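Visitor: Contents of run-v3.cif (mmCIF, C-alpha atoms (C1' of nucleotides)) are given next:
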data_start
#
loop_
_atom_site.label_atom_id
_atom_site.label_comp_id
_atom_site.auth_asym_id
_atom_site.auth_seq_id
_atom_site.Cartn_x
_atom_site.Cartn_y
_atom_site.Cartn_z
CA MET A 1020 11.91 16.68 -33.03
CA ALA A 1021 11.65 18.33 -29.63
CA GLU A 1022 13.87 21.30 -28.83
CA PRO A 1023 16.60 20.41 -26.31
CA LEU A 1024 16.02 20.92 -22.60
CA SER A 1025 17.75 23.61 -20.56
CA PRO A 1026 20.15 22.42 -17.86
CA ARG A 1027 17.60 23.22 -15.17
CA ALA A 1028 14.93 21.30 -17.07
CA ARG A 1029 17.24 18.31 -17.21
CA GLN A 1030 17.65 18.44 -13.43
CA ILE A 1031 13.90 18.46 -13.10
CA VAL A 1032 13.54 15.44 -15.38
CA VAL A 1033 16.13 13.53 -13.36
CA ALA A 1034 14.23 14.25 -10.14
CA ALA A 1035 10.95 13.33 -11.82
CA ARG A 1036 12.27 9.98 -12.97
CA GLU A 1037 13.54 9.25 -9.47
CA LEU A 1038 10.17 10.12 -8.01
CA LEU A 1039 8.38 7.97 -10.57
CA GLU A 1040 10.63 4.97 -10.11
CA GLN A 1041 10.58 5.14 -6.33
CA GLU A 1042 6.92 5.89 -5.67
CA GLY A 1043 4.99 5.09 -8.81
CA ALA A 1044 2.92 6.98 -11.35
CA ALA A 1045 0.34 8.20 -8.83
CA ALA A 1046 3.08 9.98 -6.89
CA LEU A 1047 4.38 11.80 -9.94
CA THR A 1048 2.49 15.05 -9.44
CA MET A 1049 3.74 18.53 -10.14
CA ARG A 1050 3.50 19.46 -6.45
CA ARG A 1051 5.34 16.35 -5.22
CA LEU A 1052 8.03 16.93 -7.82
CA ALA A 1053 8.38 20.58 -6.85
CA ASP A 1054 8.69 19.57 -3.20
CA ARG A 1055 11.66 17.36 -4.07
CA LEU A 1056 13.33 20.29 -5.77
CA GLY A 1057 12.58 22.75 -2.99
CA ILE A 1058 10.38 24.95 -5.16
CA ARG A 1059 6.64 25.43 -5.83
CA ALA A 1060 4.70 23.65 -8.51
CA PRO A 1061 4.00 26.66 -10.75
CA SER A 1062 7.74 27.33 -11.03
CA LEU A 1063 8.12 24.08 -12.94
CA TYR A 1064 6.27 25.69 -15.81
CA LYS A 1065 9.18 28.08 -16.32
CA HIS A 1066 11.17 25.08 -17.57
CA LEU A 1067 8.64 22.67 -19.09
CA PRO A 1068 5.43 23.58 -20.92
CA ASP A 1069 3.24 20.96 -19.23
CA LYS A 1070 3.21 17.57 -17.56
CA ALA A 1071 3.07 15.74 -20.89
CA ALA A 1072 6.41 17.28 -21.85
CA LEU A 1073 7.86 16.16 -18.54
CA GLU A 1074 6.63 12.62 -19.16
CA ALA A 1075 7.96 12.67 -22.71
CA ALA A 1076 11.38 13.67 -21.38
CA ILE A 1077 11.30 10.84 -18.83
CA ILE A 1078 10.24 8.42 -21.56
CA THR A 1079 13.17 9.58 -23.68
CA THR A 1080 15.68 8.73 -20.94
CA GLY A 1081 13.97 5.35 -20.57
CA PHE A 1082 14.26 4.53 -24.24
CA GLU A 1083 17.91 5.55 -24.27
CA ASP A 1084 18.65 3.22 -21.36
CA ALA A 1085 16.63 0.41 -22.89
CA ALA A 1086 18.29 0.75 -26.28
CA ALA A 1087 21.73 0.60 -24.67
CA ALA A 1088 20.74 -2.49 -22.68
CA PHE A 1089 19.42 -4.26 -25.78
CA GLU A 1090 22.51 -3.43 -27.80
CA THR A 1091 24.72 -4.82 -25.06
CA ALA A 1092 22.61 -7.96 -24.86
CA LEU A 1093 22.84 -8.58 -28.58
CA ASP A 1094 26.57 -7.94 -28.77
CA GLY A 1095 28.25 -11.27 -29.44
CA ALA A 1096 25.45 -13.31 -27.88
CA ALA A 1097 25.43 -17.02 -28.67
CA GLU A 1098 21.64 -17.10 -28.43
CA PRO A 1099 20.55 -13.64 -29.64
CA LEU A 1100 16.83 -14.26 -29.17
CA ALA A 1101 17.16 -15.58 -25.62
CA SER A 1102 19.66 -12.89 -24.72
CA ILE A 1103 17.56 -10.01 -25.94
CA THR A 1104 14.30 -11.23 -24.42
CA ALA A 1105 16.13 -11.66 -21.12
CA ALA A 1106 17.39 -8.09 -21.41
CA TYR A 1107 13.88 -6.90 -22.23
CA ARG A 1108 12.45 -8.60 -19.16
CA GLY A 1109 15.32 -7.40 -17.03
CA PHE A 1110 14.79 -3.80 -18.00
CA ALA A 1111 11.04 -3.90 -17.44
CA LEU A 1112 11.24 -5.62 -14.05
CA ALA A 1113 14.06 -3.34 -12.90
CA HIS A 1114 12.05 -0.23 -13.82
CA PRO A 1115 8.38 -1.23 -13.61
CA HIS A 1116 6.89 2.24 -13.23
CA LEU A 1117 9.12 3.67 -15.95
CA TYR A 1118 8.27 0.78 -18.24
CA ARG A 1119 4.57 1.39 -17.78
CA LEU A 1120 4.94 5.09 -18.45
CA MET A 1121 6.79 4.18 -21.64
CA THR A 1122 4.16 1.74 -22.88
CA ASP A 1123 0.77 2.64 -21.40
CA GLN A 1124 -0.12 5.42 -23.84
CA PRO A 1125 0.49 6.08 -27.49
CA LEU A 1126 4.07 7.27 -27.84
CA PRO A 1127 4.41 11.07 -27.88
CA ARG A 1128 6.52 10.64 -31.01
CA ASP A 1129 6.72 14.35 -31.84
CA ARG A 1130 8.29 15.02 -28.44
CA LEU A 1131 10.91 12.26 -28.74
CA PRO A 1132 14.29 12.49 -30.50
CA THR A 1133 14.04 11.25 -34.07
CA GLY A 1134 15.32 7.74 -34.57
CA LEU A 1135 15.21 6.74 -30.91
CA GLU A 1136 12.27 4.38 -31.35
CA GLU A 1137 13.96 2.71 -34.32
CA ARG A 1138 17.24 2.45 -32.46
CA THR A 1139 15.51 0.68 -29.58
CA ALA A 1140 13.80 -1.73 -31.94
CA ALA A 1141 16.89 -2.50 -34.01
CA PRO A 1142 18.51 -5.20 -31.85
CA LEU A 1143 15.40 -7.35 -31.81
CA LEU A 1144 14.95 -6.88 -35.53
CA HIS A 1145 18.52 -8.00 -36.03
CA ALA A 1146 18.13 -10.99 -33.72
CA THR A 1147 15.07 -12.34 -35.51
CA GLY A 1148 16.03 -11.41 -39.05
CA ASP A 1149 12.40 -10.84 -40.05
CA PRO A 1150 10.21 -7.81 -39.30
CA GLN A 1151 7.00 -9.77 -38.79
CA LEU A 1152 8.71 -12.25 -36.49
CA ALA A 1153 10.32 -9.37 -34.62
CA ARG A 1154 6.88 -7.85 -34.04
CA ALA A 1155 5.51 -11.16 -32.81
CA VAL A 1156 8.40 -11.57 -30.36
CA PHE A 1157 8.00 -7.95 -29.30
CA ALA A 1158 4.32 -8.58 -28.58
CA PHE A 1159 5.12 -11.74 -26.64
CA ALA A 1160 7.76 -10.04 -24.51
CA HIS A 1161 5.60 -6.98 -23.88
CA GLY A 1162 2.64 -9.18 -23.01
CA MET A 1163 4.66 -11.34 -20.62
CA VAL A 1164 6.05 -8.30 -18.86
CA MET A 1165 2.64 -6.71 -18.54
CA LEU A 1166 1.14 -9.93 -17.19
CA GLU A 1167 3.93 -10.09 -14.66
CA LEU A 1168 3.61 -6.46 -13.64
CA THR A 1169 -0.17 -6.65 -13.25
CA HIS A 1170 0.05 -9.99 -11.39
CA ARG A 1171 -2.04 -11.69 -14.02
CA LEU A 1172 -0.26 -15.02 -14.08
CA PRO A 1173 -1.59 -17.50 -11.49
CA ALA A 1174 0.18 -17.05 -8.17
CA GLY A 1175 2.83 -19.64 -7.45
CA THR A 1176 3.58 -20.36 -11.09
CA ASP A 1177 7.02 -19.60 -12.44
CA PRO A 1178 6.93 -16.98 -15.19
CA GLN A 1179 10.26 -18.30 -16.47
CA ALA A 1180 8.59 -21.45 -17.76
CA ALA A 1181 6.18 -19.45 -19.90
CA TRP A 1182 9.07 -17.32 -21.14
CA GLN A 1183 10.97 -20.47 -22.14
CA GLU A 1184 7.91 -21.81 -23.91
CA GLY A 1185 7.55 -18.66 -25.98
CA ILE A 1186 11.23 -18.35 -26.78
CA ALA A 1187 11.33 -21.98 -27.91
CA ALA A 1188 8.34 -21.41 -30.19
CA PHE A 1189 9.91 -18.37 -31.80
CA ARG A 1190 13.37 -19.87 -32.07
CA THR A 1191 12.21 -22.65 -34.38
CA ARG A 1192 10.39 -20.02 -36.35
CA ALA A 1193 13.55 -17.91 -36.61
CA ALA A 1194 15.45 -20.96 -37.81
CA ALA A 1195 12.86 -21.44 -40.53
CA HIS A 1196 13.38 -17.85 -41.64
CA ASP A 1197 17.15 -18.29 -41.67
CA GLN A 1198 16.72 -21.38 -43.78
CA ALA A 1199 14.54 -19.50 -46.26
CA ALA A 1200 17.02 -16.62 -46.37
CA THR A 1201 19.89 -19.02 -47.02
CA ASP A 1202 18.06 -20.95 -49.69
CA GLN A 1203 16.58 -18.06 -51.57
CA PRO A 1204 19.71 -16.46 -53.08
CA ALA A 1205 20.96 -19.80 -54.42
CA LEU A 1206 17.48 -20.77 -55.58
CA ARG A 1207 17.91 -24.16 -53.97
CA ARG A 1208 14.16 -24.67 -53.79
CA ARG A 1209 11.58 -24.58 -56.61
CA MET B 1248 -16.82 -12.81 -3.26
CA ALA B 1249 -18.54 -9.47 -3.70
CA GLU B 1250 -22.10 -9.07 -2.47
CA PRO B 1251 -24.57 -8.77 -5.35
CA LEU B 1252 -25.55 -5.36 -6.66
CA SER B 1253 -28.97 -3.80 -6.10
CA PRO B 1254 -31.11 -3.24 -9.22
CA ARG B 1255 -30.34 0.48 -9.15
CA ALA B 1256 -26.63 -0.26 -8.82
CA ARG B 1257 -26.86 -2.48 -11.88
CA GLN B 1258 -28.43 0.36 -13.86
CA ILE B 1259 -25.56 2.58 -12.80
CA VAL B 1260 -23.00 0.02 -13.91
CA VAL B 1261 -24.68 -0.29 -17.31
CA ALA B 1262 -24.57 3.47 -17.77
CA ALA B 1263 -20.97 3.55 -16.58
CA ARG B 1264 -19.88 0.93 -19.08
CA GLU B 1265 -21.62 2.83 -21.88
CA LEU B 1266 -19.86 6.01 -20.83
CA LEU B 1267 -16.51 4.23 -20.67
CA GLU B 1268 -16.89 2.50 -24.01
CA GLN B 1269 -18.12 5.61 -25.80
CA GLU B 1270 -15.80 8.24 -24.37
CA GLY B 1271 -12.87 6.48 -22.76
CA ALA B 1272 -11.42 6.12 -19.31
CA ALA B 1273 -10.80 9.83 -18.80
CA ALA B 1274 -14.51 10.52 -19.26
CA LEU B 1275 -15.54 7.96 -16.65
CA THR B 1276 -15.89 10.34 -13.71
CA MET B 1277 -18.48 10.21 -10.99
CA ARG B 1278 -19.92 13.57 -12.08
CA ARG B 1279 -20.14 12.65 -15.76
CA LEU B 1280 -21.76 9.35 -14.84
CA ALA B 1281 -24.26 11.07 -12.55
CA ASP B 1282 -25.11 13.51 -15.34
CA ARG B 1283 -26.04 10.61 -17.60
CA LEU B 1284 -28.37 9.28 -14.93
CA GLY B 1285 -29.91 12.67 -14.17
CA ILE B 1286 -28.65 12.74 -10.59
CA ARG B 1287 -25.74 14.29 -8.67
CA ALA B 1288 -22.42 12.59 -8.07
CA PRO B 1289 -22.75 12.08 -4.30
CA SER B 1290 -25.97 10.14 -4.83
CA LEU B 1291 -23.98 7.41 -6.55
CA TYR B 1292 -22.47 6.56 -3.19
CA LYS B 1293 -25.87 5.39 -1.98
CA HIS B 1294 -25.47 2.44 -4.34
CA LEU B 1295 -21.75 1.78 -4.68
CA PRO B 1296 -19.09 2.26 -1.99
CA ASP B 1297 -16.54 3.95 -4.24
CA LYS B 1298 -15.25 4.26 -7.78
CA ALA B 1299 -13.12 1.14 -7.47
CA ALA B 1300 -16.28 -0.89 -6.83
CA LEU B 1301 -17.88 0.65 -9.90
CA GLU B 1302 -14.86 -0.29 -11.99
CA ALA B 1303 -14.82 -3.80 -10.57
CA ALA B 1304 -18.48 -4.20 -11.57
CA ILE B 1305 -17.73 -2.99 -15.09
CA ILE B 1306 -14.77 -5.36 -15.26
CA THR B 1307 -17.03 -8.21 -14.19
CA THR B 1308 -19.43 -7.61 -17.08
CA GLY B 1309 -16.45 -7.44 -19.41
CA PHE B 1310 -15.08 -10.79 -18.27
CA GLU B 1311 -18.49 -12.38 -18.62
CA ASP B 1312 -18.77 -11.17 -22.20
CA ALA B 1313 -15.21 -12.19 -23.00
CA ALA B 1314 -15.65 -15.66 -21.50
CA ALA B 1315 -18.80 -16.21 -23.56
CA ALA B 1316 -17.04 -15.07 -26.73
CA PHE B 1317 -14.08 -17.39 -26.12
CA GLU B 1318 -16.33 -20.34 -25.40
CA THR B 1319 -18.24 -19.75 -28.61
CA ALA B 1320 -14.98 -19.45 -30.56
CA LEU B 1321 -13.66 -22.73 -29.20
CA ASP B 1322 -16.88 -24.64 -29.79
CA GLY B 1323 -16.27 -27.04 -32.64
CA ALA B 1324 -13.47 -24.98 -34.16
CA ALA B 1325 -11.29 -26.74 -36.72
CA GLU B 1326 -8.32 -24.61 -35.68
CA PRO B 1327 -8.86 -23.93 -31.95
CA LEU B 1328 -5.74 -21.81 -31.51
CA ALA B 1329 -6.43 -19.56 -34.48
CA SER B 1330 -10.12 -19.32 -33.60
CA ILE B 1331 -9.56 -18.31 -30.01
CA THR B 1332 -6.82 -15.79 -30.74
CA ALA B 1333 -9.09 -14.23 -33.36
CA ALA B 1334 -11.86 -14.03 -30.77
CA TYR B 1335 -9.44 -12.50 -28.29
CA ARG B 1336 -8.39 -9.84 -30.76
CA GLY B 1337 -11.98 -9.26 -31.82
CA PHE B 1338 -13.13 -8.64 -28.27
CA ALA B 1339 -10.28 -6.27 -27.45
CA LEU B 1340 -10.61 -4.20 -30.61
CA ALA B 1341 -14.39 -4.05 -30.30
CA HIS B 1342 -14.14 -2.78 -26.70
CA PRO B 1343 -10.79 -1.02 -26.44
CA HIS B 1344 -11.53 1.12 -23.39
CA LEU B 1345 -13.18 -1.76 -21.58
CA TYR B 1346 -10.28 -4.05 -22.43
CA ARG B 1347 -7.80 -1.56 -21.01
CA LEU B 1348 -9.80 -1.16 -17.82
CA MET B 1349 -9.79 -4.95 -17.50
CA THR B 1350 -6.05 -5.31 -17.96
CA ASP B 1351 -4.29 -2.11 -16.91
CA GLN B 1352 -4.27 -2.73 -13.18
CA PRO B 1353 -3.93 -5.75 -10.97
CA LEU B 1354 -7.30 -7.54 -10.98
CA PRO B 1355 -9.54 -6.58 -8.04
CA ARG B 1356 -10.01 -10.28 -7.44
CA ASP B 1357 -11.85 -9.91 -4.13
CA ARG B 1358 -14.52 -7.81 -5.85
CA LEU B 1359 -15.03 -10.27 -8.72
CA PRO B 1360 -17.29 -13.34 -8.72
CA THR B 1361 -15.32 -16.43 -7.78
CA GLY B 1362 -14.35 -18.58 -10.72
CA LEU B 1363 -14.87 -15.92 -13.37
CA GLU B 1364 -11.18 -15.46 -14.08
CA GLU B 1365 -10.71 -19.23 -14.44
CA ARG B 1366 -13.76 -19.51 -16.67
CA THR B 1367 -12.36 -16.86 -18.98
CA ALA B 1368 -8.99 -18.61 -19.14
CA ALA B 1369 -10.40 -22.10 -19.68
CA PRO B 1370 -10.95 -22.04 -23.46
CA LEU B 1371 -7.37 -21.06 -24.20
CA LEU B 1372 -6.09 -23.64 -21.74
CA HIS B 1373 -8.18 -26.24 -23.52
CA ALA B 1374 -7.06 -25.11 -26.99
CA THR B 1375 -3.36 -25.35 -26.16
CA GLY B 1376 -3.47 -28.38 -23.91
CA ASP B 1377 -0.60 -27.12 -21.78
CA PRO B 1378 -0.66 -24.46 -19.05
CA GLN B 1379 2.75 -22.98 -19.85
CA LEU B 1380 1.97 -22.81 -23.55
CA ALA B 1381 -1.41 -21.27 -22.73
CA ARG B 1382 0.33 -18.56 -20.72
CA ALA B 1383 2.76 -17.88 -23.56
CA VAL B 1384 -0.09 -17.56 -26.07
CA PHE B 1385 -2.00 -15.38 -23.60
CA ALA B 1386 1.02 -13.10 -23.32
CA PHE B 1387 1.42 -12.95 -27.08
CA ALA B 1388 -2.24 -12.10 -27.66
CA HIS B 1389 -2.32 -9.54 -24.86
CA GLY B 1390 0.90 -7.97 -26.13
CA MET B 1391 -0.34 -7.79 -29.71
CA VAL B 1392 -3.59 -6.18 -28.63
CA MET B 1393 -1.81 -3.65 -26.46
CA LEU B 1394 0.62 -2.78 -29.23
CA GLU B 1395 -2.31 -2.27 -31.56
CA LEU B 1396 -4.26 -0.18 -29.08
CA THR B 1397 -1.29 2.03 -28.24
CA HIS B 1398 -0.33 2.36 -31.92
CA ARG B 1399 3.05 0.86 -31.28
CA LEU B 1400 3.39 -1.13 -34.46
CA PRO B 1401 4.90 0.85 -37.34
CA ALA B 1402 2.20 2.71 -39.27
CA GLY B 1403 1.23 1.09 -42.52
CA THR B 1404 2.19 -2.42 -41.46
CA ASP B 1405 -0.52 -5.04 -41.26
CA PRO B 1406 -0.93 -6.39 -37.73
CA GLN B 1407 -2.47 -9.54 -39.17
CA ALA B 1408 0.89 -10.67 -40.50
CA ALA B 1409 2.46 -10.51 -37.03
CA TRP B 1410 -0.55 -12.35 -35.60
CA GLN B 1411 -0.08 -15.09 -38.20
CA GLU B 1412 3.59 -15.33 -37.40
CA GLY B 1413 2.90 -15.83 -33.70
CA ILE B 1414 0.08 -18.27 -34.21
CA ALA B 1415 2.25 -20.33 -36.56
CA ALA B 1416 5.03 -20.43 -33.98
CA PHE B 1417 2.73 -21.58 -31.22
CA ARG B 1418 0.85 -24.08 -33.39
CA THR B 1419 3.97 -26.15 -34.05
CA ARG B 1420 4.66 -25.96 -30.33
CA ALA B 1421 1.14 -27.18 -29.54
CA ALA B 1422 1.62 -30.04 -31.98
CA ALA B 1423 4.80 -31.00 -30.14
CA HIS B 1424 2.87 -31.05 -26.87
CA ASP B 1425 0.15 -33.20 -28.39
CA GLN B 1426 2.80 -35.57 -29.63
CA ALA B 1427 4.36 -35.82 -26.18
CA ALA B 1428 0.96 -36.37 -24.58
CA THR B 1429 0.21 -39.15 -27.06
CA ASP B 1430 3.58 -40.81 -26.65
CA GLN B 1431 3.91 -40.61 -22.91
CA PRO B 1432 1.20 -43.08 -21.81
CA ALA B 1433 2.56 -45.76 -24.09
CA LEU B 1434 6.13 -44.97 -23.07
CA ARG B 1435 7.14 -44.83 -26.70
CA ARG B 1436 10.19 -42.70 -25.90
CA ARG B 1437 13.09 -43.54 -23.58
"C1'" DT C 1017 -50.50 7.39 12.56
"C1'" DT C 1018 -45.95 6.58 13.02
"C1'" DG C 1019 -41.51 5.32 11.78
"C1'" DA C 1020 -37.90 3.26 9.03
"C1'" DC C 1021 -35.56 3.54 5.03
"C1'" DA C 1022 -34.39 4.31 0.06
"C1'" DG C 1023 -32.65 7.69 -2.58
"C1'" DG C 1024 -32.17 11.99 -3.73
"C1'" DC C 1025 -29.93 16.85 -2.48
"C1'" DT C 1026 -26.18 20.87 -1.16
"C1'" DA C 1027 -21.87 22.26 0.80
"C1'" DA C 1028 -17.45 21.32 1.48
"C1'" DC C 1029 -12.60 19.15 1.78
"C1'" DG C 1030 -8.17 18.05 -0.14
"C1'" DC C 1031 -6.19 16.76 -4.15
"C1'" DT C 1032 -4.94 17.46 -9.35
"C1'" DG C 1033 -2.88 20.35 -13.55
"C1'" DT C 1034 -2.55 24.92 -14.88
"C1'" DT C 1035 -2.70 30.25 -15.48
"C1'" DA C 1036 -2.02 35.09 -14.31
"C1'" DG C 1037 0.57 38.32 -12.31
"C1'" DC C 1038 4.20 39.87 -9.29
"C1'" DC C 1039 8.99 40.24 -7.52
"C1'" DT C 1040 14.02 39.77 -7.20
"C1'" DA C 1041 18.70 38.99 -8.54
"C1'" DC C 1042 22.02 38.84 -12.12
"C1'" DG C 1043 24.56 39.92 -16.53
"C1'" DG C 1044 25.40 42.85 -20.34
"C1'" DT C 1045 24.98 47.36 -22.67
"C1'" DT C 1046 25.18 52.23 -22.95
"C1'" DA D 565 27.58 54.13 -12.88
"C1'" DA D 566 22.89 53.53 -14.55
"C1'" DC D 567 19.77 50.83 -17.00
"C1'" DC D 568 17.26 47.00 -18.58
"C1'" DG D 569 16.05 42.35 -20.09
"C1'" DT D 570 15.65 37.95 -18.51
"C1'" DA D 571 15.84 33.76 -15.61
"C1'" DG D 572 13.58 31.84 -12.10
"C1'" DG D 573 11.36 32.07 -8.18
"C1'" DC D 574 6.67 33.35 -5.64
"C1'" DT D 575 1.22 33.65 -4.25
"C1'" DA D 576 -3.54 33.39 -5.47
"C1'" DA D 577 -6.77 31.30 -7.96
"C1'" DC D 578 -9.67 28.22 -11.17
"C1'" DA D 579 -11.99 24.11 -12.72
"C1'" DG D 580 -12.34 19.36 -12.19
"C1'" DC D 581 -11.46 15.09 -9.47
"C1'" DG D 582 -13.19 11.46 -5.63
"C1'" DT D 583 -15.38 11.62 -1.45
"C1'" DT D 584 -17.86 12.80 3.15
"C1'" DA D 585 -21.30 14.93 6.19
"C1'" DG D 586 -25.63 16.18 6.90
"C1'" DC D 587 -30.26 17.16 5.39
"C1'" DC D 588 -34.82 16.26 3.24
"C1'" DT D 589 -38.66 13.83 0.96
"C1'" DG D 590 -41.52 10.09 -0.62
"C1'" DT D 591 -43.01 5.37 0.09
"C1'" DC D 592 -44.45 1.51 2.56
"C1'" DA D 593 -45.14 -1.46 6.78
"C1'" DA D 594 -46.58 -1.97 11.47
#
Translate this file's structure into structure tokens.
Guide:
Amino acid sequence: MAEPLSPRARQIVVAARELLEQEGAAALTMRRLADRLGIRAPSLYKHLPDKAALEAAIITTGFEDAAAAFETALDGAAEPLASITAAYRGFALAHPHLYRLMTDQPLPRDRLPTGLEERTAAPLLHATGDPQLARAVFAFAHGMVMLELTHRLPAGTDPQAAWQEGIAAFRTRAAAHDQAATDQPALRRR
Amino acid sequence: MAEPLSPRARQIVVAARELLEQEGAAALTMRRLADRLGIRAPSLYKHLPDKAALEAAIITTGFEDAAAAFETALDGAAEPLASITAAYRGFALAHPHLYRLMTDQPLPRDRLPTGLEERTAAPLLHATGDPQLARAVFAFAHGMVMLELTHRLPAGTDPQAAWQEGIAAFRTRAAAHDQAATDQPALRRR
DNA sequence: TTGACAGGCTAACGCTGTTAGCCTACGGTT
DNA sequence: AACCGTAGGCTAACAGCGTTAGCCTGTCAA
């Protein structure tokens, strides 16, 4: 969807992601980024049209990493749901500023490679077996991560317990869906 | 925790919340706010120490409204969990910009009235009967709302179905907790 | 009558993203 | 060898941001 970046632009995006991850969203300014690269801020505009394009490029690298992590987590997992939610949490907590950049605003879909969003969502969809359930689990995981990142859970409580509670709730639900899927073709019910 | 606002400061906060709700976070600038009040931006600092204090005051009014809405939803509800999650969604979608201001950053707890956060959380805690389950439901509801507000769910899909899926998952879990709570005193198990 | 104070004002600072316009070095064509 | 387009830097500048310093005026109490 977006035309590919020049080699120099890719260098800039790498430096921008480093700056974001190390110092947070407030530090990701065109002047700070230019400083890191040893140039002046206006020169950045020779390689990227505006800051939104820079952010979209960072977001793209984030989704690629996340998709790879989720695929690895799903691969041959005994407990797909637990494995993938653990990978989701792991990614978000390992890259908090990147995760927030990826999720805080509406996705700049027209500046992202086609299919990347679907690829990232696929492992969870596969693990749950049902689109609605996948969305519910997605919401739960995203909500938990955001509550953790914004320090919303009461201090001193273990987030893991709440994660377990949610995973347990959705696991029984996934089992129910599997049951329905197994029964349906053979028309065992009704 | 925070000293009370002067009458003039309260007027300013009312105008600020209107501005935020009508035009979004990007429009909530000190100059735009001053324009609405027919004064100049620096004059605002006679009444509020800085923009963070203004935001904290807006957040406070938001939590008060949300707490009242949740309490009403819980009051005599046949299905407490469904009622309160519906109220949660209703509040967030009715005040999207306010909701985001309330949840995007770590809470400025030292600038909020003591007990307000707990009061807002109480209805959900009561509806679930278990703190960990309450946190899981909180995360689910917050995640769903954020996915809706950032247009993250696939276009054309009905968010309601995902809400139902999550509520169903947590309802069976709540029933299990009730069961355990009923059994435990009589030592019916083990 | 005096004085404190509440509540406005202008000017200015450093920061932000962004644009216009200029300059230099390099690579390919004639 | 001479030329020229282009890639990729540069400075200066603009509007808008939160914020501070310093000034002025109207009101009310002593």
Visitor: Assuming the chain letters and numbering stay as they are in my file, what does the PyMOL selection byres ((chain C and resi 1039) around 8) actually select? List them as a list in words.
Guide: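 Given this file, the PyMOL selection byres ((chain C and resi 1039) around 8) evaluates to DC1038 and DT1040 of chain C; DC574 of chain D.
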Visitor: Take the residues from that selection and write them out as a compact mmCIF listing (two decimals), keeping the file's coordinate frame, keeping C-alpha atoms (C1' of nucleotides).
Guide:
# COMPACT_ATOMS: atom_id res chain seq x y z
C1' DC C 1038 4.20 39.87 -9.29
C1' DT C 1040 14.02 39.77 -7.20
C1' DC D 574 6.67 33.35 -5.64
Visitor: Written as a PyMOL selection string, which residues does the PyMOL selection byres ((chain B) within 9 of (chain A)) give for the file shown?
Guide: chain B and resi 1350-1354+1378-1394+1396-1400+1406+1408-1413+1415-1420
Visitor: Report as JSON lines: every residue of chain D with an atom at most 12 Å from segment 1287-1292 of chain B, its closest pair of atoms, and their distance in Å to one decimal, counting all atoms listed in the file, with rows sorted by chain and ascending residue number.
Guide:
{"residue": "D:DC581", "atom": "C1'", "partner": "B:Ala1288", "partner_atom": "CA", "distance": 11.3}
{"residue": "D:DG582", "atom": "C1'", "partner": "B:Ala1288", "partner_atom": "CA", "distance": 9.6}
{"residue": "D:DT583", "atom": "C1'", "partner": "B:Pro1289", "partner_atom": "CA", "distance": 7.9}
{"residue": "D:DT584", "atom": "C1'", "partner": "B:Pro1289", "partner_atom": "CA", "distance": 8.9}
{"residue": "D:DA585", "atom": "C1'", "partner": "B:Pro1289", "partner_atom": "CA", "distance": 11.0}
Visitor: Would you work out the distance separating atom CA of Leu1093 of chain A from atom CA of Ala1146 of chain A, expressed in Å to one decimal?
Guide: 7.4 Å
Visitor: Written as a ChimeraX atom specification, what is the full residue list that the PyMOL selection byres ((chain B and resi 1303-1312) around 8) yields on the file shown?
Guide: /B:1260-1261,1263-1264,1299-1302,1313-1316,1345-1346,1348-1349,1355,1358-1360,1363-1364,1367
Visitor: Restricting the calculation to only C-alpha atoms (C1' of nucleotides): of A:Ala1105, A:Ala1092, A:Leu1038, A:Ala1046, which residue gets closest to DT1032 of chain C?
Guide: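 Among the listed residues, A:Ala1046 lies closest to DT1032 of chain C.
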Visitor: Tell me, in Å to one decimal, how far atom C1' of DG1024 of chain C is from atom C1' of DA594 of chain D.
Guide: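 Atom C1' of DA594 of chain D lies 25.2 Å from atom C1' of DG1024 of chain C.
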Visitor: I'd like the neighbourhood of DT591 of chain D as JSON, numbers by chain, where a residue qualifies if any of its atoms comes within 12 Å (using only C-alpha atoms (C1' of nucleotides)), though same-chain residues fewer than 4 positions away should be ignored.
Guide: {"C": [1019, 1020, 1021, 1022, 1023]}
Visitor: Store the residues of this selection in a file with C-alpha atoms (C1' of nucleotides), as a tab-separated table (two decimals), in the coordinates of the input.
Guide:
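The resulting file, selection.tsv, is shown below:
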chain	number	residue	atom	x	y	z
C	1019	DG	C1'	-41.51	5.32	11.78
C	1020	DA	C1'	-37.90	3.26	9.03
C	1021	DC	C1'	-35.56	3.54	5.03
C	1022	DA	C1'	-34.39	4.31	0.06
C	1023	DG	C1'	-32.65	7.69	-2.58
